[in-house]
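Below: work25.txt (compact mmCIF, C-alpha atoms and all ligand atoms)
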```
# COMPACT_ATOMS: atom_id res chain seq x y z
CA MET A 164 -20.23 -20.65 119.26
CA THR A 165 -18.59 -17.44 120.47
CA MET A 166 -17.46 -17.32 124.07
CA THR A 167 -16.47 -14.29 126.11
CA LEU A 168 -12.78 -14.46 126.96
CA SER A 169 -12.35 -11.44 129.16
CA ARG A 170 -14.62 -9.00 130.98
CA GLN A 171 -12.13 -6.84 132.81
CA THR A 172 -13.22 -3.55 134.27
CA VAL A 173 -11.91 -0.31 132.86
CA ILE A 174 -8.68 1.06 134.31
CA PRO A 175 -9.16 4.62 135.66
CA ILE A 176 -7.04 7.22 133.90
CA THR A 177 -5.02 9.78 135.77
CA GLU A 178 -4.25 13.32 134.71
CA LEU A 179 -0.53 12.49 134.67
CA GLU A 180 -1.10 9.81 132.07
CA GLN A 181 -2.98 12.29 129.91
CA SER A 182 0.24 14.04 128.85
CA ALA A 183 2.21 10.81 128.26
CA PHE A 184 1.93 11.03 124.49
CA CYS A 185 2.57 14.79 124.11
CA ARG A 186 5.32 15.51 121.59
CA SER A 187 7.00 18.68 120.43
CA ASP A 188 8.21 17.24 117.08
CA GLY A 189 4.66 16.96 115.73
CA ASN A 190 5.11 13.27 114.98
CA LEU A 191 2.02 11.08 115.42
CA ARG A 192 3.39 8.04 113.59
CA THR A 193 2.33 4.69 115.01
CA GLN A 194 5.14 2.51 116.34
CA THR A 195 5.10 -1.16 117.27
CA LEU A 196 3.19 -1.80 120.47
CA GLU A 197 6.48 -2.71 122.16
CA GLU A 198 7.81 0.79 121.39
CA GLU A 199 4.61 2.52 122.49
CA PHE A 200 4.54 0.67 125.81
CA LYS A 201 7.62 2.74 126.70
CA ALA A 202 5.37 5.82 127.16
CA GLY A 203 5.00 4.52 130.71
CA VAL A 204 1.18 4.54 130.92
CA ARG A 205 -0.97 1.53 131.76
CA TRP A 206 -1.95 -0.60 128.80
CA GLN A 207 -4.06 -3.72 128.84
CA LYS A 208 -1.99 -6.90 128.67
CA ILE A 209 -2.02 -8.51 125.24
CA PRO A 210 -0.43 -11.75 123.99
CA THR A 211 3.26 -11.11 123.26
CA ARG A 212 3.01 -12.05 119.59
CA TYR A 213 1.18 -8.72 118.96
CA MET A 214 3.94 -6.63 120.51
CA LYS A 215 6.41 -6.60 117.62
CA LEU A 216 4.05 -6.70 114.64
CA SER A 217 4.87 -4.16 111.92
CA PRO A 218 2.10 -1.95 110.42
CA GLU A 219 2.17 -4.14 107.27
CA GLU A 220 1.70 -7.34 109.28
CA ILE A 221 -1.18 -5.76 111.22
CA ASP A 222 -2.78 -4.53 107.98
CA ALA A 223 -2.61 -8.00 106.44
CA GLY A 224 -3.96 -9.63 109.62
CA ILE A 225 -6.90 -7.21 109.89
CA ALA A 226 -7.77 -7.67 106.20
CA GLU A 227 -7.75 -11.45 106.62
CA ALA A 228 -9.86 -11.38 109.78
CA ARG A 229 -12.39 -9.01 108.23
CA GLU A 230 -12.63 -11.19 105.13
CA ALA A 231 -13.43 -14.17 107.36
CA LEU A 232 -15.96 -12.27 109.47
CA GLY A 233 -17.74 -10.42 106.63
CA GLU A 234 -20.88 -8.57 107.74
CA GLN A 235 -20.84 -10.17 111.18
CA VAL A 236 -18.64 -7.34 112.41
CA ILE A 237 -18.68 -3.57 112.09
CA LEU A 238 -15.94 -1.16 113.17
CA LEU A 239 -16.91 2.24 114.56
CA GLY A 240 -14.20 4.90 114.86
CA HIS A 241 -14.30 8.14 116.83
CA HIS A 242 -12.81 11.25 115.18
CA TYR A 243 -10.06 11.37 117.83
CA GLN A 244 -8.66 7.99 116.86
CA ARG A 245 -5.24 7.93 115.28
CA GLU A 246 -4.99 7.73 111.47
CA ASP A 247 -3.70 4.14 111.63
CA VAL A 248 -6.91 3.03 113.34
CA ILE A 249 -9.55 5.26 111.78
CA LYS A 250 -8.62 3.87 108.36
CA TYR A 251 -10.27 0.57 109.40
CA ALA A 252 -13.54 2.20 110.53
CA ASP A 253 -16.71 1.46 108.56
CA ILE A 254 -18.33 4.49 110.18
CA ARG A 255 -16.60 7.42 111.80
CA GLY A 256 -18.13 10.19 113.85
CA ASP A 257 -18.43 11.81 117.25
CA SER A 258 -19.86 10.00 120.26
CA TYR A 259 -23.42 11.10 119.47
CA LEU A 260 -23.37 10.04 115.83
CA LEU A 261 -21.68 6.74 116.62
CA SER A 262 -24.13 5.92 119.41
CA LYS A 263 -27.01 6.50 116.99
CA GLN A 264 -25.29 4.34 114.38
CA ALA A 265 -24.78 1.58 116.91
CA ALA A 266 -28.55 1.58 117.44
CA GLU A 267 -29.23 1.41 113.70
CA VAL A 268 -26.73 -1.21 112.55
CA LYS A 269 -28.77 -4.40 112.82
CA GLU A 270 -26.81 -6.85 110.63
CA ALA A 271 -23.54 -6.93 112.58
CA ARG A 272 -23.36 -9.37 115.50
CA ALA A 273 -20.23 -7.69 116.87
CA ILE A 274 -19.58 -3.94 117.11
CA VAL A 275 -15.89 -3.18 117.56
CA PHE A 276 -15.83 0.32 119.04
CA CYS A 277 -12.59 2.20 118.40
CA GLY A 278 -13.18 4.92 120.96
CA VAL A 279 -13.25 5.01 124.75
CA HIS A 280 -15.04 2.99 127.42
CA PHE A 281 -18.13 5.18 127.97
CA MET A 282 -18.81 5.14 124.21
CA ALA A 283 -18.72 1.35 124.10
CA GLU A 284 -21.06 1.25 127.10
CA THR A 285 -23.47 3.58 125.29
CA ALA A 286 -23.33 1.38 122.20
CA ASP A 287 -24.13 -1.64 124.36
CA ILE A 288 -27.13 0.17 125.87
CA LEU A 289 -28.50 1.22 122.48
CA SER A 290 -27.74 -1.88 120.42
CA SER A 291 -29.99 -4.93 120.31
CA ASP A 292 -29.68 -7.89 122.70
CA ASP A 293 -28.15 -10.18 120.10
CA GLN A 294 -25.30 -7.76 119.39
CA SER A 295 -22.06 -7.57 121.36
CA VAL A 296 -19.88 -4.51 121.79
CA ILE A 297 -16.12 -4.84 122.01
CA LEU A 298 -13.58 -2.26 123.17
CA PRO A 299 -10.16 -3.24 121.74
CA ASN A 300 -8.20 -1.99 124.77
CA MET A 301 -9.83 -1.87 128.21
CA ALA A 302 -7.37 0.85 129.29
CA ALA A 303 -9.05 3.25 126.85
CA GLY A 304 -11.14 5.13 129.38
CA CYS A 305 -11.76 8.88 129.59
CA SER A 306 -10.22 11.05 132.30
CA MET A 307 -13.30 13.30 132.30
CA ALA A 308 -15.76 10.42 132.75
CA ASP A 309 -13.58 9.11 135.60
CA MET A 310 -13.97 12.46 137.41
CA ALA A 311 -17.58 11.61 138.34
CA ASN A 312 -17.84 8.26 140.07
CA LEU A 313 -21.20 6.91 141.19
CA GLU A 314 -20.57 7.10 144.93
CA GLU A 315 -19.56 10.77 144.79
CA VAL A 316 -22.50 11.71 142.60
CA GLU A 317 -24.94 9.82 144.85
CA ASP A 318 -23.55 11.73 147.86
CA CYS A 319 -24.00 15.00 146.01
CA TRP A 320 -27.55 14.07 145.03
CA ASP A 321 -28.49 13.14 148.62
CA ASP A 322 -26.89 16.31 150.02
CA MET A 323 -28.84 18.47 147.59
CA GLN A 324 -32.14 16.77 148.41
CA SER A 325 -31.59 17.28 152.14
CA VAL A 326 -30.68 20.95 151.66
CA LEU A 327 -33.67 21.65 149.43
CA GLU A 328 -36.13 19.70 151.62
CA GLY A 329 -38.59 19.39 148.78
CA GLN A 330 -38.41 23.09 147.88
CA GLY A 331 -37.25 23.05 144.29
CA THR A 332 -36.62 20.23 141.87
CA VAL A 333 -33.18 19.43 140.50
CA VAL A 334 -32.92 17.87 137.04
CA PRO A 335 -29.65 15.97 136.49
CA ILE A 336 -28.11 16.26 133.04
CA THR A 337 -25.06 14.21 132.22
CA TYR A 338 -22.82 14.75 129.26
CA MET A 339 -22.43 11.69 127.04
CA ASN A 340 -18.84 11.50 128.37
CA SER A 341 -19.84 9.78 131.60
CA THR A 342 -20.15 6.19 132.79
CA ALA A 343 -23.31 4.13 132.28
CA ALA A 344 -23.83 4.26 136.06
CA ILE A 345 -24.06 8.07 135.97
CA LYS A 346 -26.39 7.98 132.96
CA SER A 347 -28.52 5.52 134.91
CA LEU A 348 -28.63 7.81 137.96
CA CYS A 349 -29.86 10.61 135.71
CA GLY A 350 -32.52 8.42 134.09
CA GLU A 351 -33.76 7.21 137.46
CA ASN A 352 -34.01 10.74 138.83
CA GLY A 353 -35.92 12.38 135.98
CA GLY A 354 -32.89 13.58 134.03
CA LEU A 355 -31.26 12.98 130.69
CA VAL A 356 -28.05 12.68 128.70
CA CYS A 357 -26.76 15.38 126.36
CA THR A 358 -23.94 15.82 123.87
CA SER A 359 -22.07 18.96 122.91
CA SER A 360 -24.50 19.34 119.96
CA ASN A 361 -27.70 19.27 121.99
CA ALA A 362 -26.71 20.52 125.46
CA ASP A 363 -28.83 23.68 124.98
CA ARG A 364 -31.91 21.59 124.15
CA ALA A 365 -31.22 19.45 127.23
CA PHE A 366 -31.21 22.61 129.37
CA GLU A 367 -34.51 23.74 127.80
CA TRP A 368 -35.98 20.31 128.56
CA ALA A 369 -34.69 20.51 132.12
CA TRP A 370 -36.28 23.93 132.74
CA ARG A 371 -39.63 22.50 131.69
CA HIS A 372 -39.26 19.76 134.32
CA GLY A 373 -37.56 21.46 137.27
CA ASP A 374 -36.02 24.58 138.81
CA LYS A 375 -32.33 23.66 138.92
CA VAL A 376 -29.87 21.70 136.81
CA LEU A 377 -27.10 19.49 138.14
CA PHE A 378 -24.68 19.25 135.19
CA LEU A 379 -22.21 16.32 135.09
CA PRO A 380 -19.28 15.84 134.68
CA ASP A 381 -17.87 18.69 132.53
CA GLN A 382 -18.13 22.06 134.25
CA HIS A 383 -16.99 23.85 131.10
CA LEU A 384 -19.63 22.48 128.74
CA GLY A 385 -22.20 23.15 131.48
CA ARG A 386 -21.04 26.72 132.06
CA ASN A 387 -20.65 27.57 128.37
CA THR A 388 -24.11 26.20 127.58
CA ALA A 389 -25.83 27.90 130.52
CA LYS A 390 -24.16 31.23 129.63
CA LYS A 391 -25.27 30.86 126.02
CA MET A 392 -28.81 30.44 127.34
CA GLY A 393 -28.64 33.69 129.26
CA ILE A 394 -27.97 32.33 132.75
CA SER A 395 -25.71 34.59 134.77
CA GLU A 396 -22.58 33.16 136.35
CA ASP A 397 -23.91 34.44 139.68
CA ASP A 398 -26.59 31.77 139.39
CA MET A 399 -24.05 28.96 138.88
CA VAL A 400 -22.02 27.14 141.51
CA VAL A 401 -19.31 24.49 141.18
CA TRP A 402 -19.64 21.28 143.20
CA ASN A 403 -16.25 20.05 144.43
CA PRO A 404 -16.63 16.29 145.03
CA PHE A 405 -13.57 16.21 147.30
CA LYS A 406 -15.09 18.57 149.89
CA PRO A 407 -18.09 18.07 152.23
CA MET A 408 -21.27 19.48 150.65
CA GLY A 409 -19.25 20.20 147.50
CA SER A 410 -17.63 23.07 149.50
CA LEU A 411 -20.90 25.02 149.15
CA SER A 412 -23.17 26.47 151.81
CA PRO A 413 -26.83 25.33 151.92
CA GLU A 414 -27.77 28.89 150.92
CA GLN A 415 -25.54 28.78 147.82
CA VAL A 416 -27.20 25.54 146.71
CA ARG A 417 -30.71 26.94 147.32
CA ARG A 418 -29.98 30.17 145.41
CA SER A 419 -28.27 28.54 142.43
CA LYS A 420 -29.92 27.66 139.13
CA VAL A 421 -27.10 25.51 137.82
CA ILE A 422 -24.80 23.26 139.86
CA LEU A 423 -21.72 22.36 137.82
CA TRP A 424 -19.78 19.21 138.69
CA GLN A 425 -16.07 20.00 138.99
CA GLY A 426 -14.87 17.90 136.04
CA HIS A 427 -13.02 18.79 132.87
CA CYS A 428 -11.38 17.40 129.74
CA SER A 429 -7.59 17.38 130.01
CA VAL A 430 -7.29 17.73 126.24
CA HIS A 431 -9.60 20.70 125.70
CA THR A 432 -8.49 22.66 128.77
CA ARG A 433 -5.02 22.95 127.18
CA PHE A 434 -6.33 25.68 124.85
CA THR A 435 -5.76 29.28 125.96
CA THR A 436 -6.72 32.81 124.88
CA LYS A 437 -2.98 33.48 124.35
CA GLN A 438 -2.92 30.81 121.63
CA ILE A 439 -5.88 32.54 119.97
CA GLU A 440 -4.17 35.95 120.20
CA ASP A 441 -1.00 34.50 118.65
CA ALA A 442 -2.96 32.93 115.79
CA ARG A 443 -4.68 36.28 115.10
CA LEU A 444 -1.35 38.13 115.21
CA ASP A 445 0.01 35.74 112.56
CA ASN A 446 -3.09 36.07 110.39
CA PRO A 447 -5.83 38.60 111.26
CA ASP A 448 -8.23 36.77 108.91
CA VAL A 449 -7.91 33.40 110.65
CA ASN A 450 -11.16 31.75 111.80
CA ILE A 451 -10.98 30.39 115.34
CA ILE A 452 -13.16 27.37 115.98
CA VAL A 453 -13.19 25.51 119.31
CA HIS A 454 -15.02 22.76 121.17
CA PRO A 455 -17.33 23.79 124.07
CA GLU A 456 -15.28 21.63 126.50
CA CYS A 457 -12.71 24.49 126.36
CA VAL A 458 -12.70 27.03 129.21
CA LYS A 459 -15.17 29.92 129.08
CA GLU A 460 -12.56 32.56 128.11
CA VAL A 461 -11.44 30.51 125.10
CA VAL A 462 -15.03 29.91 124.02
CA GLU A 463 -15.80 33.62 124.34
CA SER A 464 -12.75 34.57 122.23
CA ALA A 465 -13.49 32.08 119.46
CA ASP A 466 -15.39 32.89 116.26
CA TYR A 467 -17.20 29.55 116.23
CA VAL A 468 -17.97 26.98 118.92
CA GLY A 469 -19.36 23.49 118.45
CA SER A 470 -19.06 19.73 118.62
CA THR A 471 -16.50 17.72 116.66
CA GLU A 472 -19.13 17.04 113.94
CA TYR A 473 -19.83 20.79 113.75
CA ILE A 474 -16.11 21.62 113.50
CA GLN A 475 -15.65 19.04 110.77
CA ASN A 476 -18.65 20.25 108.77
CA MET A 477 -17.68 23.92 109.08
CA ILE A 478 -14.13 23.36 107.83
CA ASN A 479 -15.13 20.97 105.05
CA ALA A 480 -17.70 23.51 103.79
CA ALA A 481 -15.41 26.58 104.08
CA PRO A 482 -14.18 28.32 100.91
CA ALA A 483 -10.71 27.51 99.58
CA GLY A 484 -8.00 29.83 100.83
CA THR A 485 -9.50 30.31 104.30
CA ALA A 486 -7.48 29.71 107.47
CA TRP A 487 -8.72 27.82 110.55
CA GLY A 488 -7.15 27.70 114.02
CA VAL A 489 -8.81 24.76 115.75
CA GLY A 490 -9.25 24.00 119.45
CA THR A 491 -9.86 20.27 119.58
CA GLU A 492 -8.01 16.94 119.61
CA ILE A 493 -4.90 16.80 117.42
CA ASN A 494 -5.66 13.61 115.47
CA MET A 495 -8.89 15.14 114.26
CA VAL A 496 -7.21 18.47 113.40
CA SER A 497 -4.42 16.71 111.47
CA ARG A 498 -7.01 14.71 109.51
CA LEU A 499 -8.98 17.86 108.69
CA ALA A 500 -5.77 19.53 107.48
CA LYS A 501 -4.98 16.54 105.26
CA GLU A 502 -8.50 16.36 103.84
CA ASN A 503 -8.65 20.11 103.16
CA PRO A 504 -5.37 20.84 101.34
CA ASP A 505 -6.85 24.03 99.81
CA LYS A 506 -7.26 25.56 103.31
CA GLU A 507 -4.89 26.28 106.15
CA VAL A 508 -6.00 24.16 109.11
CA PHE A 509 -3.89 24.03 112.26
CA CYS A 510 -4.20 23.16 115.94
CA LEU A 511 -4.12 26.17 118.31
CA ASP A 512 -1.89 24.25 120.72
CA PRO A 513 1.71 24.18 119.41
CA VAL A 514 2.48 21.02 121.45
CA VAL A 515 1.10 17.85 119.86
CA CYS A 516 -1.02 16.19 122.55
CA PRO A 517 -3.38 13.45 121.42
CA CYS A 518 -6.10 12.28 123.80
CA ALA A 519 -4.02 9.70 125.69
CA THR A 520 -6.94 7.37 126.24
CA MET A 521 -8.16 7.38 122.64
CA TYR A 522 -4.53 6.80 121.65
CA ARG A 523 -4.47 3.48 123.51
CA ILE A 524 -6.44 1.89 120.71
CA HIS A 525 -3.33 0.74 118.88
CA PRO A 526 -3.98 -1.21 115.62
CA ALA A 527 -2.49 -4.33 117.25
CA TYR A 528 -5.40 -4.34 119.74
CA VAL A 529 -7.88 -4.13 116.86
CA LEU A 530 -6.20 -7.15 115.26
CA TRP A 531 -6.25 -9.02 118.59
CA VAL A 532 -10.03 -8.66 119.10
CA LEU A 533 -10.81 -9.41 115.43
CA GLU A 534 -8.69 -12.57 115.46
CA GLY A 535 -10.47 -13.48 118.68
CA LEU A 536 -13.83 -13.25 116.90
CA VAL A 537 -12.55 -15.44 114.06
CA ALA A 538 -11.53 -18.01 116.68
CA GLY A 539 -14.95 -17.78 118.38
CA LEU A 540 -13.66 -15.73 121.33
CA MET A 541 -15.25 -12.49 122.50
CA ILE A 542 -12.32 -10.49 123.88
CA ASN A 543 -13.11 -7.32 125.90
CA ARG A 544 -16.86 -7.45 125.61
CA ILE A 545 -18.54 -4.46 127.25
CA GLU A 546 -21.72 -5.47 129.06
CA VAL A 547 -23.69 -2.95 131.06
CA PRO A 548 -25.69 -4.65 133.89
CA ALA A 549 -29.44 -4.93 133.13
CA GLU A 550 -30.73 -2.50 135.78
CA THR A 551 -28.14 0.14 134.95
CA LYS A 552 -28.96 -0.36 131.30
CA ALA A 553 -32.70 0.24 131.76
CA ASN A 554 -32.32 3.60 133.54
CA ALA A 555 -29.43 4.73 131.35
CA ARG A 556 -31.57 3.90 128.31
CA LEU A 557 -34.32 6.11 129.74
CA ALA A 558 -31.89 9.04 129.98
CA LEU A 559 -30.56 8.37 126.46
CA ASP A 560 -34.06 8.06 125.00
CA ARG A 561 -34.96 11.46 126.47
CA MET A 562 -31.91 12.85 124.68
CA LEU A 563 -32.79 11.16 121.38
CA GLU A 564 -36.33 12.59 121.75
CA ILE A 565 -35.13 16.23 122.07
CA SER A 566 -32.73 15.71 119.14
CA ARG A 567 -35.42 14.82 116.58
S1 LIG A 601 -10.83 14.21 124.53
FE1 LIG A 601 -11.29 14.57 126.72
S2 LIG A 601 -13.46 14.05 126.99
FE2 LIG A 601 -12.77 13.17 125.00
S3 LIG A 601 -12.18 11.07 125.51
FE3 LIG A 601 -10.32 12.31 125.63
S4 LIG A 601 -10.23 12.93 127.82
FE4 LIG A 601 -12.30 12.17 127.45
```

Starting from the file, give its structure as structure tokens.
Amino acid sequence: MTMTLSRQTVIPITELEQSAFCRSDGNLRTQTLEEEFKAGVRWQKIPTRYMKLSPEEIDAGIAEAREALGEQVILLGHHYQREDVIKYADIRGDSYLLSKQAAEVKEARAIVFCGVHFMAETADILSSDDQSVILPNMAAGCSMADMANLEEVEDCWDDMQSVLEGQGTVVPITYMNSTAAIKSLCGENGGLVCTSSNADRAFEWAWRHGDKVLFLPDQHLGRNTAKKMGISEDDMVVWNPFKPMGSLSPEQVRRSKVILWQGHCSVHTRFTTKQIEDARLDNPDVNIIVHPECVKEVVESADYVGSTEYIQNMINAAPAGTAWGVGTEINMVSRLAKENPDKEVFCLDPVVCPCATMYRIHPAYVLWVLEGLVAGLMINRIEVPAETKANARLALDRMLEISR
């Protein structure tokens, strides 16, 4: 019988920690966990025997554990995972694709999610009751998701209702990159979840059900999507959770069509229009492709904008000899460059900055949770409470409905 060994809560990530793994030498090679602990960020504690294991020892251990577990376990890997982890993934994709896969994989009893905390929560919500979701390192959160905590969003929601006094309906939309509690709040209040691939359809859905949108937690995806749909910036306001009433006047809230939560992705806001200009100076024929979590000016200067799946598909399908300057996470860009040797693929940011939270899934943690399963122990199981799950599921189902 499998027993759950640890159910620790996720450790919030700070902006300072986000740059802990930035390097100027371009080297993303995995070191022993002992070496990587020196980066000075918070890692989840792990038995000491995993600290000094070499890549070869980890490889052998993972192969042995997987052999013993067979089809009982499946490994999902997000595109932003490091090469030394993604190589173990049975399925790789962005958060949307992986959440759908988690719902469809029925054979595996355990889903080991090599990604970040909100993704594992989503997998737990969508998977069946007899499946368990495991996050190898509980310190793998997401700084953007942490920017919208439930208490602050509830305050915002109450403030808006009292200002509107029943005149006008607000539909909450939350980006997939948010906690289960925020997804649940949206489900309970007539809203839905979206991803970077279907945010425009979520807006369309929202306009059919209300007069205003509260978009959480990424102001940039919200702004870029609303602009794409023809909404003027004069009709958008930004809600600052650290100020009373979001630092907005009642009149500003009443007049607005879109209320953007003041959150952002620390990885994607590193990209600048100057980097795009430099890339075009070097090669006027370069194609610039960026993620919609980038700031508006970067999105407007780019040739193509889309989700990680979109970026991957565009570059894989591009003719040989083309050049691509990419505005997304470095592990994904490096992989695309390696898999497309007939094209020039490079990251727009000259400093190598992996997503620090994704990077915390070190292969030693994967080995730890797999060996736990072999021993009948469920380490780092992610379990969303039943009530939160029901409302979050409602919001996710509305998203899956508009994506068909
Ligand atoms: S890339 Fe940004 S949004 Fe994605 S997990 Fe990392 S911090 Fe969160």

Would you write out, as JSON lines, a table of all residues in chain A that have an atom no more than 7 Å from an atom of ligand LIG 601 (chain A), listing for each the closest atom pair and the distance in Å to one decimal, considering only C-alpha atoms and all ligand atoms and ordering rows by chain and rising residue number?
```
{"residue": "A:Val279", "atom": "CA", "partner": "A:LIG601", "partner_atom": "S3", "distance": 6.2}
{"residue": "A:Cys305", "atom": "CA", "partner": "A:LIG601", "partner_atom": "FE4", "distance": 4.0}
{"residue": "A:Ser306", "atom": "CA", "partner": "A:LIG601", "partner_atom": "S4", "distance": 4.9}
{"residue": "A:Met307", "atom": "CA", "partner": "A:LIG601", "partner_atom": "FE4", "distance": 5.1}
{"residue": "A:Ala308", "atom": "CA", "partner": "A:LIG601", "partner_atom": "FE4", "distance": 6.6}
{"residue": "A:Asn340", "atom": "CA", "partner": "A:LIG601", "partner_atom": "S2", "distance": 6.1}
{"residue": "A:Cys428", "atom": "CA", "partner": "A:LIG601", "partner_atom": "FE1", "distance": 4.1}
{"residue": "A:Ser429", "atom": "CA", "partner": "A:LIG601", "partner_atom": "S4", "distance": 5.6}
{"residue": "A:Val430", "atom": "CA", "partner": "A:LIG601", "partner_atom": "FE1", "distance": 5.1}
{"residue": "A:His431", "atom": "CA", "partner": "A:LIG601", "partner_atom": "FE1", "distance": 6.4}
{"residue": "A:Glu492", "atom": "CA", "partner": "A:LIG601", "partner_atom": "S1", "distance": 6.3}
{"residue": "A:Cys518", "atom": "CA", "partner": "A:LIG601", "partner_atom": "FE3", "distance": 4.6}
{"residue": "A:Ala519", "atom": "CA", "partner": "A:LIG601", "partner_atom": "FE3", "distance": 6.8}
{"residue": "A:Thr520", "atom": "CA", "partner": "A:LIG601", "partner_atom": "FE3", "distance": 6.0}
{"residue": "A:Met521", "atom": "CA", "partner": "A:LIG601", "partner_atom": "FE3", "distance": 6.2}
```

Proximity of range 492-538 of chain A to range 218-237 of chain A: per-residue shortest pair, 8 Å limit, only C-alpha atoms, as JSON lines:
```
{"residue": "A:Pro526", "atom": "CA", "partner": "A:Ile221", "partner_atom": "CA", "distance": 6.9}
{"residue": "A:Ala527", "atom": "CA", "partner": "A:Ile221", "partner_atom": "CA", "distance": 6.3}
{"residue": "A:Val529", "atom": "CA", "partner": "A:Ile225", "partner_atom": "CA", "distance": 7.7}
{"residue": "A:Leu530", "atom": "CA", "partner": "A:Ile225", "partner_atom": "CA", "distance": 5.4}
{"residue": "A:Leu533", "atom": "CA", "partner": "A:Ala228", "partner_atom": "CA", "distance": 6.1}
{"residue": "A:Glu534", "atom": "CA", "partner": "A:Ala228", "partner_atom": "CA", "distance": 5.9}
{"residue": "A:Leu536", "atom": "CA", "partner": "A:Leu232", "partner_atom": "CA", "distance": 7.8}
{"residue": "A:Val537", "atom": "CA", "partner": "A:Ala228", "partner_atom": "CA", "distance": 6.5}
```

Can you write just those residues out, C-alpha atoms, as a compact mmCIF listing (two decimals), in the coordinates of the input?
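Okay, this is what ended up in result.txt:
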```
# COMPACT_ATOMS: atom_id res chain seq x y z
CA PRO A 526 -3.98 -1.21 115.62
CA ALA A 527 -2.49 -4.33 117.25
CA VAL A 529 -7.88 -4.13 116.86
CA LEU A 530 -6.20 -7.15 115.26
CA LEU A 533 -10.81 -9.41 115.43
CA GLU A 534 -8.69 -12.57 115.46
CA LEU A 536 -13.83 -13.25 116.90
CA VAL A 537 -12.55 -15.44 114.06
```

Please tell me which residues are no farther than 10 Å from (-13.0, 29.8, 114.1) in the file, counting only C-alpha atoms, and write them as a PyMOL selection string.
chain A and resi 439+448-453+464-469+474+477-478+486-490

Take the point (-34.4, 4.6, 137.8) in the file's coordinates, draw a sphere of radius 9 Å around it, and report as a PyMOL selection string every protein, DNA or RNA residue with an atom inside or on it, counting all atoms listed in the file.
chain A and resi 347-353+550-551+553-555+557

For Val334 in chain A, which of A:Lys552, A:His372, A:Arg498, A:Arg364 is the closest residue, counting only C-alpha atoms?
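Nearest candidate to Val334 in chain A out of A:Lys552, A:His372, A:Arg498, A:Arg364: A:His372.
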
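Nearest to Thr285 in chain A of all the residues A:Val496, A:Ala271, A:Ala480, A:Ala558 is A:Ala558, counting all atoms listed in the file.
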
Enclose range 491-502 of chain A, meaning all of its atoms listed in the file, in a box aligned along x, y and z, pad it by 8 Å on each side, and list the centre and edge lengths in Å to one decimal, as AutoDock Vina command-line options.
```
--center_x -7.1 --center_y 16.9 --center_z 111.7 --size_x 21.4 --size_y 22.7 --size_z 31.8
```

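Near Thr332 in chain A, within 9 Å and counting all atoms listed in the file, sit A:Gln324, A:Leu327, A:His372, A:Gly373, A:Asp374, A:Lys375, A:Val376; same-chain residues fewer than 4 positions away were not included.
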
Nearest-residue call for Pro548 in chain A, choices A:Leu563, A:Asp445, A:Glu315, A:Ile288, using only C-alpha atoms:
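Nearest candidate to Pro548 in chain A out of A:Leu563, A:Asp445, A:Glu315, A:Ile288: A:Ile288.
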
Using only C-alpha atoms, which of the listed residues (A:Ser412, A:Asn476, A:Ser258, A:Asn446) sits closest to Val326 in chain A?
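The answer is A:Ser412, which sits nearest to Val326 in chain A.
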
Quick one: pull the distance between CA of Lys201 in chain A and CA of Asn543 in chain A, Å, one decimal.
23.1 Å

Interatomic distance, CA of Leu411 in chain A to CA of Trp424 in chain A (Å, one decimal)
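The value is 12.0 Å.
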
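In terms of minimum interatomic distance to Pro482 in chain A, A:Asn503 ranks closest within A:Asn503, A:Leu260, A:Trp320, A:Asp363, counting all atoms listed in the file.
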
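Of note, CA of Glu198 in chain A and CA of Gly240 in chain A are spaced 23.3 Å apart.
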
Residue among A:Gln415, A:Gln194, A:Thr485, A:Ser295 lying closest to Asp398 in chain A, counting all atoms listed in the file:
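That would be A:Gln415, the residue with the smallest distance to Asp398 in chain A.
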
I'd like the neighbourhood of Gln294 in chain A as a list of chain:residue names, where a residue qualifies if any of its atoms comes within 12 Å (using all atoms listed in the file), though same-chain residues fewer than 4 positions away should be ignored.
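Listed by chain and then number, they are A:Thr165, A:Gln235, A:Val236, A:Ile237, A:Ala265, A:Ala266, A:Glu267, A:Val268, A:Lys269, A:Glu270, A:Ala271, A:Arg272, A:Ala273, A:Ile274, A:Val275, A:Ala286, A:Asp287, A:Ile288, A:Leu289, A:Ser290, A:Met541, A:Arg544, A:Ile545, A:Glu546.
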
How would range 437-442 of chain A look with N, CA and C atoms restored, written as a PDB file, in the frame of the given file?
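Writing done, so here's part04.pdb:
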```pdb
ATOM      1  N   LYS A 437      -4.283  33.051 124.897  1.00  0.00           N
ATOM      2  CA  LYS A 437      -2.980  33.480 124.350  1.00  0.00           C
ATOM      3  C   LYS A 437      -2.739  32.798 122.997  1.00  0.00           C
ATOM      4  N   GLN A 438      -3.087  31.518 122.913  1.00  0.00           N
ATOM      5  CA  GLN A 438      -2.920  30.810 121.630  1.00  0.00           C
ATOM      6  C   GLN A 438      -3.791  31.461 120.551  1.00  0.00           C
ATOM      7  N   ILE A 439      -4.976  31.895 120.944  1.00  0.00           N
ATOM      8  CA  ILE A 439      -5.880  32.540 119.970  1.00  0.00           C
ATOM      9  C   ILE A 439      -5.281  33.892 119.540  1.00  0.00           C
ATOM     10  N   GLU A 440      -4.797  34.650 120.525  1.00  0.00           N
ATOM     11  CA  GLU A 440      -4.170  35.950 120.200  1.00  0.00           C
ATOM     12  C   GLU A 440      -3.007  35.753 119.237  1.00  0.00           C
ATOM     13  N   ASP A 441      -2.162  34.764 119.519  1.00  0.00           N
ATOM     14  CA  ASP A 441      -1.000  34.500 118.650  1.00  0.00           C
ATOM     15  C   ASP A 441      -1.441  34.157 117.228  1.00  0.00           C
ATOM     16  N   ALA A 442      -2.480  33.327 117.124  1.00  0.00           N
ATOM     17  CA  ALA A 442      -2.960  32.930 115.790  1.00  0.00           C
ATOM     18  C   ALA A 442      -3.478  34.160 115.041  1.00  0.00           C
TER      19      ALA A 442
END
```
